[in-house]
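So this one's start-v6.cif, mmCIF, C-alpha atoms and all ligand atoms:
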```
data_target
#
loop_
_atom_site.label_atom_id
_atom_site.label_comp_id
_atom_site.auth_asym_id
_atom_site.auth_seq_id
_atom_site.Cartn_x
_atom_site.Cartn_y
_atom_site.Cartn_z
CA MET A 1 112.51 104.58 104.34
CA ILE A 2 110.66 101.50 105.56
CA HIS A 3 109.70 98.88 102.97
CA LEU A 4 107.78 95.97 104.45
CA ILE A 5 106.35 92.99 102.59
CA LEU A 6 103.32 91.52 104.35
CA PHE A 7 103.35 88.00 102.99
CA GLY A 8 101.20 84.88 103.04
CA PRO A 9 98.58 82.85 101.16
CA PRO A 10 95.14 84.13 100.12
CA GLY A 11 92.87 84.53 103.15
CA VAL A 12 95.68 84.81 105.68
CA GLY A 13 94.66 88.35 106.67
CA LYS A 14 97.14 90.51 104.75
CA GLY A 15 94.54 93.15 103.83
CA THR A 16 93.16 93.52 107.37
CA GLN A 17 96.56 93.56 109.03
CA SER A 18 98.04 95.94 106.44
CA GLN A 19 95.48 98.54 107.54
CA ARG A 20 96.65 98.21 111.15
CA ILE A 21 100.32 98.38 110.21
CA ILE A 22 100.01 101.43 107.95
CA GLN A 23 98.17 103.31 110.70
CA HIS A 24 100.64 102.33 113.42
CA PHE A 25 103.78 103.20 111.43
CA ASP A 26 102.28 105.85 109.11
CA LEU A 27 103.04 104.00 105.88
CA LEU A 28 101.50 103.76 102.43
CA HIS A 29 99.58 100.57 101.53
CA ILE A 30 100.37 99.13 98.09
CA ALA A 31 98.04 96.16 97.50
CA SER A 32 98.51 94.68 94.03
CA GLY A 33 95.13 92.88 94.11
CA ASP A 34 93.28 96.12 94.99
CA LEU A 35 95.16 98.01 92.24
CA LEU A 36 94.24 95.32 89.72
CA ARG A 37 90.56 95.40 90.78
CA ILE A 38 90.53 99.19 90.27
CA GLN A 39 91.86 98.63 86.73
CA ILE A 40 89.08 96.07 86.15
CA MET A 41 86.44 98.52 87.43
CA ASN A 42 87.78 101.18 85.07
CA GLN A 43 87.80 98.66 82.23
CA SER A 44 91.32 99.69 81.24
CA ASP A 45 93.30 97.51 78.82
CA LEU A 46 95.36 96.31 81.78
CA GLY A 47 92.21 95.48 83.77
CA ILE A 48 90.55 93.60 80.92
CA LYS A 49 93.67 91.47 80.51
CA ALA A 50 94.19 90.91 84.27
CA LYS A 51 90.60 89.80 84.85
CA LEU A 52 91.10 86.74 82.61
CA TYR A 53 93.72 85.44 85.03
CA MET A 54 92.22 86.65 88.32
CA ASP A 55 88.79 85.06 87.81
CA LYS A 56 90.47 81.67 87.40
CA GLY A 57 92.69 82.13 90.44
CA GLU A 58 95.81 82.32 88.28
CA LEU A 59 98.55 84.93 88.65
CA VAL A 60 98.53 87.96 86.37
CA PRO A 61 101.74 87.90 84.24
CA ASP A 62 104.79 89.35 85.98
CA GLU A 63 105.47 92.12 83.45
CA ILE A 64 101.96 93.59 83.89
CA VAL A 65 102.16 93.66 87.68
CA ILE A 66 105.75 94.87 87.81
CA SER A 67 105.10 97.86 85.54
CA MET A 68 102.01 98.74 87.57
CA ILE A 69 104.06 98.75 90.81
CA GLU A 70 106.88 100.67 89.14
CA SER A 71 104.58 103.52 88.19
CA ILE A 72 103.16 103.71 91.74
CA LEU A 73 106.60 103.74 93.35
CA SER A 74 107.66 106.68 91.24
CA SER A 75 104.88 108.79 92.79
CA LEU A 76 105.77 107.97 96.38
CA ASP A 77 107.57 111.08 97.53
CA GLY A 78 107.02 112.39 101.02
CA LYS A 79 105.94 109.13 102.68
CA ASN A 80 107.50 107.28 105.61
CA GLY A 81 107.56 104.05 103.64
CA VAL A 82 105.44 101.29 102.22
CA VAL A 83 103.66 98.06 103.10
CA PHE A 84 103.53 95.80 100.05
CA ASP A 85 100.52 93.45 100.20
CA GLY A 86 100.18 90.73 97.55
CA PHE A 87 103.43 91.77 95.83
CA PRO A 88 105.94 90.29 95.12
CA ARG A 89 104.16 87.03 94.32
CA THR A 90 106.90 85.29 92.29
CA PRO A 91 110.73 85.25 92.51
CA PRO A 92 111.01 87.38 89.30
CA GLN A 93 108.70 89.96 90.92
CA ALA A 94 110.94 89.93 94.02
CA GLU A 95 114.02 90.51 91.89
CA ALA A 96 112.27 93.32 90.00
CA LEU A 97 111.21 94.95 93.28
CA ASP A 98 114.73 94.74 94.69
CA GLY A 99 116.01 96.39 91.49
CA LEU A 100 113.40 99.16 91.56
CA LEU A 101 114.19 99.96 95.19
CA LYS A 102 117.94 99.78 94.64
CA SER A 103 117.72 102.34 91.84
CA ARG A 104 116.13 104.67 94.42
CA GLY A 105 118.85 103.93 97.02
CA GLU A 106 116.40 101.84 99.06
CA GLU A 107 115.82 98.18 99.94
CA ILE A 108 113.27 95.82 101.49
CA SER A 109 113.45 96.13 105.29
CA ALA A 110 111.67 92.85 106.08
CA LEU A 111 109.30 90.20 104.77
CA VAL A 112 106.79 89.38 107.50
CA ALA A 113 104.89 86.18 106.72
CA LEU A 114 101.54 85.34 108.32
CA LYS A 115 101.02 81.61 109.00
CA VAL A 116 97.55 80.00 109.10
CA PRO A 117 96.69 76.29 108.49
CA LYS A 118 95.20 75.50 105.07
CA GLU A 119 91.77 74.31 106.37
CA GLU A 120 91.31 77.66 108.13
CA LEU A 121 92.28 79.56 104.94
CA VAL A 122 89.65 77.69 102.91
CA LYS A 123 87.00 78.49 105.55
CA ARG A 124 87.93 82.18 105.63
CA LEU A 125 87.92 82.51 101.82
CA GLU A 126 84.56 80.73 101.50
CA SER A 127 82.97 83.03 104.06
CA ARG A 128 84.57 86.10 102.40
CA GLY A 129 83.01 84.88 99.14
CA LEU A 130 79.52 85.26 100.65
CA THR A 131 79.96 89.04 100.93
CA SER A 132 82.94 90.18 98.83
CA GLY A 133 81.35 89.75 95.42
CA ARG A 134 84.75 88.53 94.23
CA ALA A 135 84.56 85.85 91.52
CA ASP A 136 87.77 84.30 92.82
CA ASP A 137 86.26 83.76 96.30
CA SER A 138 83.00 82.26 95.11
CA SER A 139 84.00 78.75 94.01
CA ILE A 140 85.84 76.14 96.03
CA LYS A 141 87.69 75.09 92.85
CA THR A 142 89.11 78.61 92.36
CA ILE A 143 89.97 78.90 96.05
CA GLU A 144 91.86 75.58 95.92
CA ASN A 145 93.64 76.71 92.75
CA ARG A 146 94.80 79.96 94.39
CA LEU A 147 96.21 78.03 97.35
CA LYS A 148 98.01 75.68 94.94
CA VAL A 149 99.39 78.64 92.95
CA TYR A 150 100.59 80.11 96.26
CA ASP A 151 102.46 76.90 97.16
CA ASN A 152 104.00 76.44 93.71
CA LYS A 153 104.75 79.97 92.52
CA THR A 154 104.58 82.38 95.47
CA SER A 155 106.08 80.58 98.48
CA PRO A 156 109.58 80.50 96.87
CA VAL A 157 109.69 84.28 97.50
CA ILE A 158 110.33 83.37 101.17
CA LYS A 159 113.65 81.77 100.24
CA HIS A 160 114.65 84.87 98.28
CA TYR A 161 114.32 87.08 101.37
CA SER A 162 115.44 84.55 103.97
CA GLU A 163 118.75 84.40 102.08
CA GLN A 164 118.95 88.15 102.72
CA GLY A 165 118.20 87.57 106.45
CA LYS A 166 114.88 89.41 106.15
CA TYR A 167 112.31 86.65 106.75
CA HIS A 168 110.08 86.85 109.86
CA PRO A 169 107.25 84.30 110.31
CA VAL A 170 104.27 85.29 112.51
CA ASN A 171 101.35 83.16 113.74
CA GLY A 172 98.20 84.47 112.00
CA VAL A 173 95.66 82.41 113.99
CA GLY A 174 93.61 84.13 116.71
CA MET A 175 91.85 87.42 117.33
CA ILE A 176 92.61 90.19 114.81
CA ASP A 177 93.98 92.46 117.57
CA ASP A 178 96.27 89.73 118.90
CA VAL A 179 97.70 89.09 115.43
CA SER A 180 98.24 92.86 114.96
CA LYS A 181 100.14 92.99 118.25
CA ARG A 182 102.39 90.09 117.18
CA LEU A 183 103.11 91.86 113.89
CA ILE A 184 103.83 95.22 115.52
CA ASP A 185 106.14 93.55 118.08
CA ILE A 186 108.17 92.05 115.22
CA ILE A 187 108.16 95.18 113.04
CA GLU A 188 108.92 97.79 115.76
CA PRO A 189 112.59 96.84 116.32
CA ILE A 190 113.15 96.58 112.56
CA VAL A 191 111.80 100.09 112.05
CA GLU A 192 113.84 101.45 114.97
CA ALA A 193 117.03 100.00 113.48
CA ILE A 194 116.54 101.83 110.13
P1 LIG B 201 94.17 87.40 98.08
O1 LIG B 201 94.38 88.14 99.36
O2 LIG B 201 92.94 86.57 98.07
O3 LIG B 201 95.42 86.71 97.61
P2 LIG B 201 94.61 89.60 96.23
O4 LIG B 201 93.66 90.72 96.16
O5 LIG B 201 95.96 89.84 96.82
O6 LIG B 201 93.81 88.45 96.97
O7 LIG B 201 94.84 88.99 94.75
C1 LIG B 201 93.75 88.59 93.95
C2 LIG B 201 94.24 88.11 92.59
O8 LIG B 201 94.91 89.20 91.91
C3 LIG B 201 95.29 86.99 92.61
O9 LIG B 201 94.73 85.70 92.73
C4 LIG B 201 95.98 87.22 91.25
O10 LIG B 201 95.22 86.73 90.18
C5 LIG B 201 96.01 88.74 91.13
N1 LIG B 201 97.27 89.31 91.68
C6 LIG B 201 97.37 90.14 92.77
N2 LIG B 201 98.65 90.47 92.99
C7 LIG B 201 99.39 89.84 92.03
C8 LIG B 201 100.78 89.76 91.74
N3 LIG B 201 101.69 90.40 92.50
N4 LIG B 201 101.16 89.00 90.69
C9 LIG B 201 100.27 88.35 89.93
N5 LIG B 201 98.95 88.37 90.15
C10 LIG B 201 98.50 89.10 91.19
#
```
Let me see the file written as structure tokens.
Amino acid sequence: MIHLILFGPPGVGKGTQSQRIIQHFDLLHIASGDLLRIQIMNQSDLGIKAKLYMDKGELVPDEIVISMIESILSSLDGKNGVVFDGFPRTPPQAEALDGLLKSRGEEISALVALKVPKEELVKRLESRGLTSGRADDSSIKTIENRLKVYDNKTSPVIKHYSEQGKYHPVNGVGMIDDVSKRLIDIIEPIVEAI
């Protein structure tokens, strides 16, 4: 099975590009942020807890997110594979994911990281905030905090997978279709080799 991580800071285009990738390769999209927002909408215990962190632009604690992903993975049968979007977001999450996959006889195929300069990310998140209704997109302070959290806590995940020879950076600036093509050109040979 194919297990891709689409990686990068908030606003880099992971959600948009995930849609393209899942269609092209017939994969399942597992977006931790979307799953958490569904929990918030349903006002579950998990959602009520997660919202406290998300609204401030902080990460939801590892154990909450990991158990959420674990329960999704166990209901995966019959699919070609998965695109993980927004997970793993810390080295402990990466280790947990590797362990979960290993117990199923699987592994991460590649981490594909979208690269966009910080000023462009801030612009994209501010304009998303005008329409998304997301509390974490609506204040510059929260946006800045999320980018800082990405640098401090999330970017070390790159090292984890580059040590496994699975890290592939991709330029995320430009037209959406052009970025999709760059991603597909990187992912195609990886998928063919599986
Ligand atoms: P973005 O694309 O802006 O990063 P996401 O929808 O991926 O947005 O995430 C929104 C928020 O959800 C994050 O700022 C964080 O609070 C929480 N979140 C999502 N995924 C994780 C994760 N893997 N670990 C911890 N918190 C997470």
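When all atoms listed in the file are used to compute distances to ligand LIG 201 (chain B), the closest of the residues A:Leu76, A:Leu130, A:Ala113, A:Ala135 turns out to be A:Ala135.
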Handout entry: Test item: residues lying within 8 Å of ligand LIG 201 (chain B) with all atoms listed in the file, as number ranges by chain
Key = A: 9-15, 31-34, 36-37, 50-51, 53-62, 65-66, 85-90, 93, 125, 136-137, 146
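Atom to atom, CA of Ser138 (chain A) and CA of Lys115 (chain A) stand 22.8 Å apart.
In this comparison, which uses only C-alpha atoms, the residue of A:Ser127, A:Ser67, A:Thr154, A:Asn80 approaching Val191 (chain A) most closely is A:Asn80.
Taking all atoms listed in the file into account, Val112 (chain A) lies nearest to A:Pro169 out of the set A:His29, A:Leu46, A:Pro169, A:Lys181.
Between CA of Ile48 (chain A) and CA of Ser155 (chain A) the separation is 26.8 Å.
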Exercise for the section: Go ahead and compute the interatomic distance for CA of Glu163 (chain A) and CA of Glu95 (chain A), in Å to one decimal. Expected result: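 Distance reported for this atom pair: 12.8 Å.
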Can you tell me, as lines of an AutoDock Vina configuration file, the centre and edge lengths (Å, one decimal) of the axis-aligned box enclosing all of region 116-122 of chain A's listed atoms after padding each side by 4 Å?
```
center_x = 93.6
center_y = 77.2
center_z = 106.0
size_x = 15.9
size_y = 13.7
size_z = 14.2
```
Practice task
Measuring atom to atom with only C-alpha atoms, identify which of A:Ile176, A:Val157, A:Ala193, A:Ile30 is nearest to Ser109 (chain A).
Solution key: A:Ala193
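Among the candidates A:Asp177, A:Leu35, A:Ile22, A:Gly47, the residue lying nearest to Ser71 (chain A) is A:Leu35 (atoms considered: all atoms listed in the file).
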Exercise for the section: Compile the contact shell of Val170 (chain A) as an MDAnalysis selection string: residues with an atom at most 12 Å away, counting only C-alpha atoms, same-chain residues fewer than 2 positions apart removed. Expected result: chainID A and resid 6:8 12:14 17 111:116 167:168 172:174 178:187
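Considering the residues A:Ile140, A:Ala110, A:Leu121, A:Leu97 and counting only C-alpha atoms, Gln164 (chain A) has its shortest atom-to-atom contact with A:Ala110.
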